[in-house]
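So the structure is just underneath, and the comments pick up after that.
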Amino acid sequence: MALIRLLKSKSYYEQKYGTSDYALNKLYLLMEKQHNRGQEGAGIACVNMNAPVGTEYMFREKAMGKDAITEVFDRISSSATAWSDGQLYMGHLRYSTTGKSGLQYVHPFLRRNNWRAKNLCLCGNFNMTNIDEIFAKMVLQGQSPRIYSDSYITLELMGHRLDREVERLYEEAKTQGRHNTDITQYIEDHIQISNVLRSTMVDYDGGYVMCGLTGSGEMFAMRDPWGIRPAYYYKDEEVVVVASERAVLQTTFDLACDDVQELSAGKALIVHKDGRTTLETILQSKSQARCSFERIYFSRGSDRDIYQERKQLGQQLTDSILQAIHDDTDHTVFSFIPNTAEVAFYGMMEGLRRRGLQVRSEKVAWKDIKLRTFITEAGSRNDLASHVYDITYGSLQPYEDNLVIIDDSIVRGTTLRESIFKILDRLHPKKIVMVSSSPQIRYPDYYGIDMPRLDDLCAFRATIALLRERHLWEVVETTYKACLAELRKPKSEQQNCVSALYEPFTTDDINRKMAELLRPAGMHTPIEFVFQTIEGLHAACPDHHGDWYFTGIYPTPGGIRLVNQAFVTYMEETYRRS
């Protein structure tokens, strides 16, 4: 997401920067710099506080597909004057977290009204774990939402609270003897967005950065009280800007790293109609769980700290890698899975060279398609995965050289089984050591990339296979009953019972079973997995304690409830199939 609030007149930017499209150009850069693979759509919005009555003052454009940013900005070129006259701008890139697609899911979302102050445009980076509870609360209030999705429900709930804030000010203005447009002016000058946010977000459970614009000129960005989803901002006398990543703001506005501030958990950055900027506590900060997967994978590696963290993640694996190849670096080629694992690869190579080792590295794997198969609908995932990668032929000595290849994470294992292992086997390495710079992903995520099914995770499938193989199915049955019992408790009292499934096994046990399960039919090369440790993750990313994917320690009650429910769902589907 990206937000821009201009603090000077249009003529100021024309004179200083030689263009009337200063904000649009910056918004375009902010969005392109956050444009990663797998983008499904994009949208932008604008508010012109100076538009005459009877003309449009709140604009929005959305498009689908990998070229959505270009399409959206091309569309507004025909009405560029209307857009360039604005003061508030919003941009959003959609990366599907549920497999759902369509223009209706692309942000920003817009709620219209004839009162400027009641118009609300909303976008965000979020997944909510308790949208069913929020929906029930709205119904109890007498509302009847048309669409059951966290984005739409949040828009309607926040819009309802914005209506109440406007009505509060309306009554206040009337008691002061104001009339007609004088009342309207009073309302627009005294809107307290903090009131709207406190009454809207108090019941939410999930990870989010919620951003919005109102028709009267208020702008806000709020971060969840656990700090799960990231947000950064910068302010000077010309502009206030917000984005999901720090490096994006640095590049777009030519800033030093320390110029950019991180939005704190539970706080909102609010820019008022008159341009005043305030930081307000909306919800009290809770146990900090800044997402570690943002550092490993989601965010771009050009950030100063993320770059060093990813290098350290790779470097810390050196001893385990040497053990896997029996210290035979003379007959080993080191490589990586592009693109996000490249920095961890540099760290791995640095760790080897610090030991005085002369090692060979090659670009063995090539990414042919910008496609995130781990969030593609299941029916087409396998076919897509088989075409994602190609190899560099002749990059190692067949039957003599080991191949060590590092990736940032291994989630479902689909791409490994359907593509990577098949093509690497064509090189005929003596052994493949598959390295992950993150620990085993054992639990679903409900706050970022929504992976709600346990059996989608290859570490979980390997564990279930081991429990069957070693005649420990009673552990599965006991866990199922325990999850059912937990789900009968209030959400705040529940414990994660799924973790009991992993207790009988070591990480190496699960690694070996994963190698068996992910080996394609007909493959002859031995495979060994090396994963980052939890301790290594915390050492490399000391300020990001959100590790629920790996440990099952969910920061919110909603996450714990959902993981227990996920195992119950898995077991009941298993019973139906049998």
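Labels for the structure tokens follow display order: chains A, B, ..., residues from 1 in each chain, ligands from 1.
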* To do: Quick one: everything within 6 Å of Leu122 (chain A), counting only C-alpha atoms, minus sequence neighbours fewer than 3 positions away in the same chain. Send it as a list in words.
  => Pro108, Phe109, Cys211 and Gly212 of chain A
Could you write out that same residue set with N, CA and C atoms as a PDB file, in the first residue's frame?
```pdb
ATOM      1  N   PRO A 108      -8.487   0.039  -3.815  1.00  0.00           N
ATOM      2  CA  PRO A 108      -9.237   0.484  -2.646  1.00  0.00           C
ATOM      3  C   PRO A 108     -10.743   0.234  -2.795  1.00  0.00           C
ATOM      4  N   PHE A 109     -11.426   0.190  -1.635  1.00  0.00           N
ATOM      5  CA  PHE A 109     -12.879   0.072  -1.581  1.00  0.00           C
ATOM      6  C   PHE A 109     -13.455   1.442  -1.246  1.00  0.00           C
ATOM      7  N   CYS A 211      -5.554   1.559   5.946  1.00  0.00           N
ATOM      8  CA  CYS A 211      -5.336   2.901   5.418  1.00  0.00           C
ATOM      9  C   CYS A 211      -6.630   3.455   4.849  1.00  0.00           C
ATOM     10  N   GLY A 212      -6.815   4.763   4.975  1.00  0.00           N
ATOM     11  CA  GLY A 212      -8.049   5.334   4.464  1.00  0.00           C
ATOM     12  C   GLY A 212      -7.955   6.811   4.151  1.00  0.00           C
TER      13      GLY A 212
END
```
Just want the 8 Å neighbourhood of Gly266 (chain A), counted on only C-alpha atoms, with same-chain residues fewer than 5 positions away dropped. Output as a CSV table (one decimal) with all heavy atoms, in the first residue's frame.
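Result file out.csv:
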```csv
chain,number,residue,atom,x,y,z
A,222,MET,N,-3.2,2.9,10.1
A,222,MET,CA,-3.2,2.3,11.4
A,222,MET,C,-2.6,0.9,11.4
A,222,MET,O,-2.9,0.1,10.5
A,222,MET,CB,-4.6,2.2,12.1
A,222,MET,CG,-4.6,1.6,13.4
A,222,MET,SD,-6.2,1.2,14.0
A,222,MET,CE,-5.8,0.2,15.5
A,223,ARG,N,-1.7,0.6,12.4
A,223,ARG,CA,-1.1,-0.7,12.5
A,223,ARG,C,-1.7,-1.5,13.6
A,223,ARG,O,-2.0,-1.0,14.7
A,223,ARG,CB,0.4,-0.5,12.7
A,223,ARG,CG,1.3,-1.8,12.5
A,223,ARG,CD,2.7,-1.5,12.7
A,223,ARG,NE,3.5,-2.7,12.4
A,223,ARG,CZ,4.9,-2.7,12.6
A,223,ARG,NH1,5.5,-1.7,13.1
A,223,ARG,NH2,5.5,-3.8,12.3
A,224,ASP,N,-1.8,-2.8,13.4
A,224,ASP,CA,-2.3,-3.7,14.4
A,224,ASP,C,-1.5,-3.6,15.7
A,224,ASP,O,-0.3,-3.4,15.7
A,224,ASP,CB,-2.5,-5.1,13.9
A,224,ASP,CG,-1.1,-5.8,13.7
A,224,ASP,OD1,-0.5,-6.2,14.7
A,224,ASP,OD2,-0.7,-5.9,12.5
A,225,PRO,N,-2.2,-3.9,16.9
A,225,PRO,CA,-1.5,-3.8,18.2
A,225,PRO,C,-0.4,-4.8,18.4
A,225,PRO,O,0.4,-4.6,19.4
A,225,PRO,CB,-2.6,-3.9,19.2
A,225,PRO,CG,-3.7,-4.6,18.5
A,225,PRO,CD,-3.6,-4.2,17.0
A,226,TRP,N,-0.3,-5.9,17.6
A,226,TRP,CA,0.8,-6.8,17.7
A,226,TRP,C,1.9,-6.5,16.8
A,226,TRP,O,3.0,-7.1,16.9
A,226,TRP,CB,0.3,-8.2,17.4
A,226,TRP,CG,-0.8,-8.7,18.3
A,226,TRP,CD1,-0.7,-9.3,19.5
A,226,TRP,CD2,-2.3,-8.5,18.1
A,226,TRP,NE1,-2.0,-9.5,20.0
A,226,TRP,CE2,-2.9,-9.1,19.2
A,226,TRP,CE3,-3.0,-8.0,17.0
A,226,TRP,CZ2,-4.3,-9.1,19.3
A,226,TRP,CZ3,-4.4,-8.0,17.1
A,226,TRP,CH2,-5.0,-8.5,18.2
A,227,GLY,N,1.7,-5.5,15.9
A,227,GLY,CA,2.8,-5.1,15.0
A,227,GLY,C,3.1,-6.1,13.9
A,227,GLY,O,4.2,-6.2,13.4
A,281,THR,N,-2.4,6.9,19.7
A,281,THR,CA,-2.6,5.5,20.1
A,281,THR,C,-4.1,5.1,20.0
A,281,THR,O,-4.9,5.7,20.7
A,281,THR,CB,-2.1,5.3,21.6
A,281,THR,OG1,-0.7,5.6,21.7
A,281,THR,CG2,-2.3,3.9,22.1
A,282,ILE,N,-4.3,4.2,19.2
A,282,ILE,CA,-5.7,3.7,18.9
A,282,ILE,C,-6.0,2.5,19.8
A,282,ILE,O,-7.0,2.4,20.5
A,282,ILE,CB,-5.9,3.3,17.5
A,282,ILE,CG1,-5.6,4.5,16.6
A,282,ILE,CG2,-7.4,2.9,17.3
A,282,ILE,CD1,-6.3,5.8,16.9
A,283,LEU,N,-5.1,1.6,19.9
A,283,LEU,CA,-5.2,0.4,20.7
A,283,LEU,C,-3.9,0.2,21.5
A,283,LEU,O,-2.8,0.4,20.9
A,283,LEU,CB,-5.5,-0.9,19.9
A,283,LEU,CG,-6.9,-0.9,19.1
A,283,LEU,CD1,-6.9,-2.1,18.2
A,283,LEU,CD2,-8.0,-0.8,20.1
A,284,GLN,N,-3.9,-0.2,22.7
A,284,GLN,CA,-2.7,-0.4,23.4
A,284,GLN,C,-1.9,-1.6,22.8
A,284,GLN,O,-2.4,-2.6,22.4
A,284,GLN,CB,-3.0,-0.8,24.9
A,284,GLN,CG,-3.5,0.4,25.7
A,284,GLN,CD,-2.5,1.5,25.8
A,284,GLN,OE1,-1.4,1.3,26.0
A,284,GLN,NE2,-3.0,2.7,25.5
A,285,SER,N,-0.6,-1.3,22.7
A,285,SER,CA,0.3,-2.3,22.1
A,285,SER,C,0.3,-3.6,22.9
A,285,SER,O,0.3,-3.5,24.2
A,285,SER,CB,1.8,-1.7,22.1
A,285,SER,OG,2.7,-2.7,21.7
```
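Here the question is which of A:Leu396, A:Ala500, A:Ala515, A:Leu313 gets nearest to Ser409 (chain A) using only C-alpha atoms, and that residue is A:Leu313.
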* To do: Select from region 146-267 of chain A everything DSSP, run on the backbone, classes as helix (DSSP H, G or I), then give the selection as a PyMOL selection string.
  => chain A and resi 150-175+180-190+193-201+246-253+257-259
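Summary of the local environment: counting only C-alpha atoms, residues at most 10 Å from region 47-56 of chain A, other than itself and those fewer than 3 positions away along its chain, are Arg5, Phe59, Arg60, Ala82, Trp83, Ser84, Asp85, Gly86, Gln87, Leu88, Tyr89, Met90, Arg116, Cys121, Leu213, Thr214, Gly215, Ser216, Gly217, Glu218, Met219 and Lys273 of chain A.
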* Proximity to Ile510 (chain A) - best of A:Arg488, A:Leu466, A:His92, A:Cys541, only C-alpha atoms ->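 Of A:Arg488, A:Leu466, A:His92, A:Cys541, the one nearest Ile510 (chain A), counting only C-alpha atoms, is A:Leu466.
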Using only C-alpha atoms, which residues of region 429-492 of chain A come within 12 Å of region 314-325 of chain A, and what is the closest atom pair for each, with the distance in Å to one decimal? Give it as a Markdown table, sorted by chain and residue number.
```
| residue | atom | partner | partner_atom | distance |
| --- | --- | --- | --- | --- |
| A:Lys430 | CA | A:Ile325 | CA | 10.1 |
| A:Lys431 | CA | A:Ile325 | CA | 8.2 |
| A:Ile432 | CA | A:Ile325 | CA | 9.1 |
| A:Val433 | CA | A:Ala324 | CA | 7.0 |
| A:Met434 | CA | A:Ile321 | CA | 9.3 |
| A:Val435 | CA | A:Ile321 | CA | 7.9 |
| A:Ser436 | CA | A:Gly314 | CA | 8.5 |
| A:Ser437 | CA | A:Gly314 | CA | 5.8 |
| A:Ser438 | CA | A:Gly314 | CA | 9.1 |
| A:Pro439 | CA | A:Leu317 | CA | 11.0 |
```
* **For Asn402 (chain A), the nearest of the candidates A:Glu474, A:Ala465, A:Gly356, A:Pro526, counting only C-alpha atoms** => A:Pro526
Give me, as JSON lines, the closest atom pair and its distance (Å, one decimal) for every residue of region 210-315 of chain A within a cut-off of 9 Å of region 340-348 of chain A, counting only C-alpha atoms, rows sorted by chain and rising number.
```
{"residue": "A:Ile296", "atom": "CA", "partner": "A:Thr340", "partner_atom": "CA", "distance": 8.3}
{"residue": "A:Tyr297", "atom": "CA", "partner": "A:Thr340", "partner_atom": "CA", "distance": 6.4}
{"residue": "A:Phe298", "atom": "CA", "partner": "A:Thr340", "partner_atom": "CA", "distance": 8.7}
{"residue": "A:Arg300", "atom": "CA", "partner": "A:Thr340", "partner_atom": "CA", "distance": 8.0}
{"residue": "A:Gly301", "atom": "CA", "partner": "A:Val343", "partner_atom": "CA", "distance": 7.4}
{"residue": "A:Tyr307", "atom": "CA", "partner": "A:Val343", "partner_atom": "CA", "distance": 6.7}
{"residue": "A:Gln308", "atom": "CA", "partner": "A:Val343", "partner_atom": "CA", "distance": 8.4}
{"residue": "A:Glu309", "atom": "CA", "partner": "A:Ala344", "partner_atom": "CA", "distance": 8.5}
{"residue": "A:Arg310", "atom": "CA", "partner": "A:Ala344", "partner_atom": "CA", "distance": 5.0}
{"residue": "A:Lys311", "atom": "CA", "partner": "A:Gly347", "partner_atom": "CA", "distance": 3.9}
{"residue": "A:Gln312", "atom": "CA", "partner": "A:Gly347", "partner_atom": "CA", "distance": 5.8}
{"residue": "A:Leu313", "atom": "CA", "partner": "A:Ala344", "partner_atom": "CA", "distance": 6.1}
{"residue": "A:Gly314", "atom": "CA", "partner": "A:Ala344", "partner_atom": "CA", "distance": 4.3}
{"residue": "A:Gln315", "atom": "CA", "partner": "A:Met348", "partner_atom": "CA", "distance": 4.2}
```
Restricting it to N, CA, C and O atoms, dump the selection as an mmCIF file, in the first residue's frame.
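Final file, again24.cif:
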```cif
data_model
loop_
_atom_site.group_PDB
_atom_site.id
_atom_site.type_symbol
_atom_site.label_atom_id
_atom_site.label_comp_id
_atom_site.auth_asym_id
_atom_site.auth_seq_id
_atom_site.Cartn_x
_atom_site.Cartn_y
_atom_site.Cartn_z
ATOM 1 N N ILE A 296 12.195 -12.693 5.772
ATOM 2 C CA ILE A 296 12.715 -13.824 5.002
ATOM 3 C C ILE A 296 12.297 -13.754 3.543
ATOM 4 O O ILE A 296 13.080 -14.054 2.642
ATOM 5 N N TYR A 297 11.041 -13.339 3.309
ATOM 6 C CA TYR A 297 10.490 -13.519 1.965
ATOM 7 C C TYR A 297 9.687 -12.342 1.440
ATOM 8 O O TYR A 297 9.941 -11.857 0.345
ATOM 9 N N PHE A 298 8.671 -11.867 2.194
ATOM 10 C CA PHE A 298 7.693 -10.939 1.628
ATOM 11 C C PHE A 298 8.322 -9.629 1.155
ATOM 12 O O PHE A 298 8.087 -9.182 0.042
ATOM 13 N N ARG A 300 11.042 -6.670 0.057
ATOM 14 C CA ARG A 300 12.162 -6.646 -0.879
ATOM 15 C C ARG A 300 13.481 -6.587 -0.113
ATOM 16 O O ARG A 300 13.597 -5.931 0.918
ATOM 17 N N GLY A 301 14.484 -7.259 -0.665
ATOM 18 C CA GLY A 301 15.759 -7.378 0.024
ATOM 19 C C GLY A 301 16.630 -6.148 -0.041
ATOM 20 O O GLY A 301 17.743 -6.150 0.500
ATOM 21 N N TYR A 307 18.473 -6.902 4.151
ATOM 22 C CA TYR A 307 19.597 -7.461 3.392
ATOM 23 C C TYR A 307 20.580 -8.166 4.326
ATOM 24 O O TYR A 307 20.993 -9.317 4.062
ATOM 25 N N GLN A 308 20.943 -7.506 5.415
ATOM 26 C CA GLN A 308 21.887 -8.111 6.350
ATOM 27 C C GLN A 308 21.288 -9.329 7.055
ATOM 28 O O GLN A 308 21.973 -10.325 7.303
ATOM 29 N N GLU A 309 20.002 -9.263 7.377
ATOM 30 C CA GLU A 309 19.344 -10.384 8.043
ATOM 31 C C GLU A 309 19.303 -11.614 7.140
ATOM 32 O O GLU A 309 19.558 -12.740 7.581
ATOM 33 N N ARG A 310 18.994 -11.403 5.874
ATOM 34 C CA ARG A 310 18.945 -12.544 4.949
ATOM 35 C C ARG A 310 20.334 -13.137 4.724
ATOM 36 O O ARG A 310 20.480 -14.354 4.591
ATOM 37 N N LYS A 311 21.335 -12.277 4.674
ATOM 38 C CA LYS A 311 22.704 -12.802 4.568
ATOM 39 C C LYS A 311 23.050 -13.649 5.781
ATOM 40 O O LYS A 311 23.635 -14.738 5.652
ATOM 41 N N GLN A 312 22.702 -13.164 6.957
ATOM 42 C CA GLN A 312 23.010 -13.914 8.178
ATOM 43 C C GLN A 312 22.265 -15.249 8.204
ATOM 44 O O GLN A 312 22.815 -16.259 8.656
ATOM 45 N N LEU A 313 21.017 -15.263 7.739
ATOM 46 C CA LEU A 313 20.261 -16.517 7.687
ATOM 47 C C LEU A 313 21.000 -17.562 6.848
ATOM 48 O O LEU A 313 21.030 -18.743 7.198
ATOM 49 N N GLY A 314 21.587 -17.126 5.749
ATOM 50 C CA GLY A 314 22.350 -18.053 4.915
ATOM 51 C C GLY A 314 23.662 -18.458 5.551
ATOM 52 O O GLY A 314 24.062 -19.628 5.537
ATOM 53 N N GLN A 315 24.338 -17.481 6.148
ATOM 54 C CA GLN A 315 25.653 -17.748 6.734
ATOM 55 C C GLN A 315 25.565 -18.746 7.886
ATOM 56 O O GLN A 315 26.446 -19.593 8.065
#
```
* To do: To one decimal in Å, tell me the separation between CA of Trp366 (chain A) and CA of Asp67 (chain A).
  =>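 That distance, rounded to one decimal, is 22.3 Å.
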Taking a cut-off of 12 Å and counting only C-alpha atoms, can you build a table that, for each residue of region 222-302 of chain A near region 535-538 of chain A, reports the nearest atom pair and how far apart they are in Å (one decimal), sorted by chain then residue number, as a tab-separated table?
```
residue	atom	partner	partner_atom	distance
A:Arg290	CA	A:His538	CA	11.8
A:Cys291	CA	A:His538	CA	11.6
A:Ser292	CA	A:Leu537	CA	8.1
A:Phe293	CA	A:Leu537	CA	10.0
A:Arg295	CA	A:Leu537	CA	10.1
A:Ile296	CA	A:Leu537	CA	9.2
```
Kindly save the residues from that selection, with N, CA and C atoms included, as a PDB file, in the first residue's frame.
```pdb
ATOM      1  N   ARG A 290       6.102  -8.905  15.323  1.00  0.00           N
ATOM      2  CA  ARG A 290       6.399  -8.455  13.964  1.00  0.00           C
ATOM      3  C   ARG A 290       6.809  -9.659  13.113  1.00  0.00           C
ATOM      4  N   CYS A 291       6.190  -9.782  11.972  1.00  0.00           N
ATOM      5  CA  CYS A 291       6.283 -10.999  11.161  1.00  0.00           C
ATOM      6  C   CYS A 291       7.709 -11.257  10.666  1.00  0.00           C
ATOM      7  N   SER A 292       8.281 -12.390  11.040  1.00  0.00           N
ATOM      8  CA  SER A 292       9.624 -12.747  10.585  1.00  0.00           C
ATOM      9  C   SER A 292       9.628 -13.142   9.111  1.00  0.00           C
ATOM     10  N   PHE A 293       8.492 -13.611   8.605  1.00  0.00           N
ATOM     11  CA  PHE A 293       8.440 -14.006   7.198  1.00  0.00           C
ATOM     12  C   PHE A 293       8.517 -12.790   6.283  1.00  0.00           C
ATOM     13  N   ARG A 295      10.698 -10.569   6.722  1.00  0.00           N
ATOM     14  CA  ARG A 295      12.143 -10.402   6.566  1.00  0.00           C
ATOM     15  C   ARG A 295      12.731 -11.483   5.662  1.00  0.00           C
ATOM     16  N   ILE A 296      12.195 -12.693   5.772  1.00  0.00           N
ATOM     17  CA  ILE A 296      12.715 -13.824   5.002  1.00  0.00           C
ATOM     18  C   ILE A 296      12.297 -13.754   3.543  1.00  0.00           C
TER      19      ILE A 296
END
```
* Atom-to-atom span, CA of Tyr232 (chain A) and CA of Val260 (chain A), Å ->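 Distance between the two atoms: 6.6 Å.
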* Would you mind writing down, as a PyMOL selection string, each residue of region 61-127 of chain A that DSSP on the backbone assigns to strand (DSSP E or B)? => chain A and resi 61-64+88-94+109-111+120-127
* To do: May I ask for the distance between CA of Leu7 (chain A) and CA of Glu172 (chain A), given in Å to one decimal place?
  =>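 CA of Leu7 (chain A) sits 28.9 Å away from CA of Glu172 (chain A).
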* To do: Find the residues near Pro490 (chain A): any atom within 12 Å, counting only C-alpha atoms, skip ones fewer than 2 places away on the same chain, and give them as a PyMOL selection string.
  => chain A and resi 485-488+492-495+557-558+560-561
* Using only C-alpha atoms, determine which residues lie at most 10 Å from Ala2 (chain A), disregarding the query and same-chain residues fewer than 4 positions distant; provide the list as a list in words. =>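 In the requested format, the answer is Lys26, Leu27, Tyr28, Leu29, Leu30, Met31, Gln34, Ile44, Tyr89, Met90, Gly91, His92, Leu93, Cys123, Gly124, Cys211, Ala221, Ala231, Tyr232, Tyr233, Val241, Val242, Ala243, Ser244, Glu245, Val248 and Leu249 of chain A.
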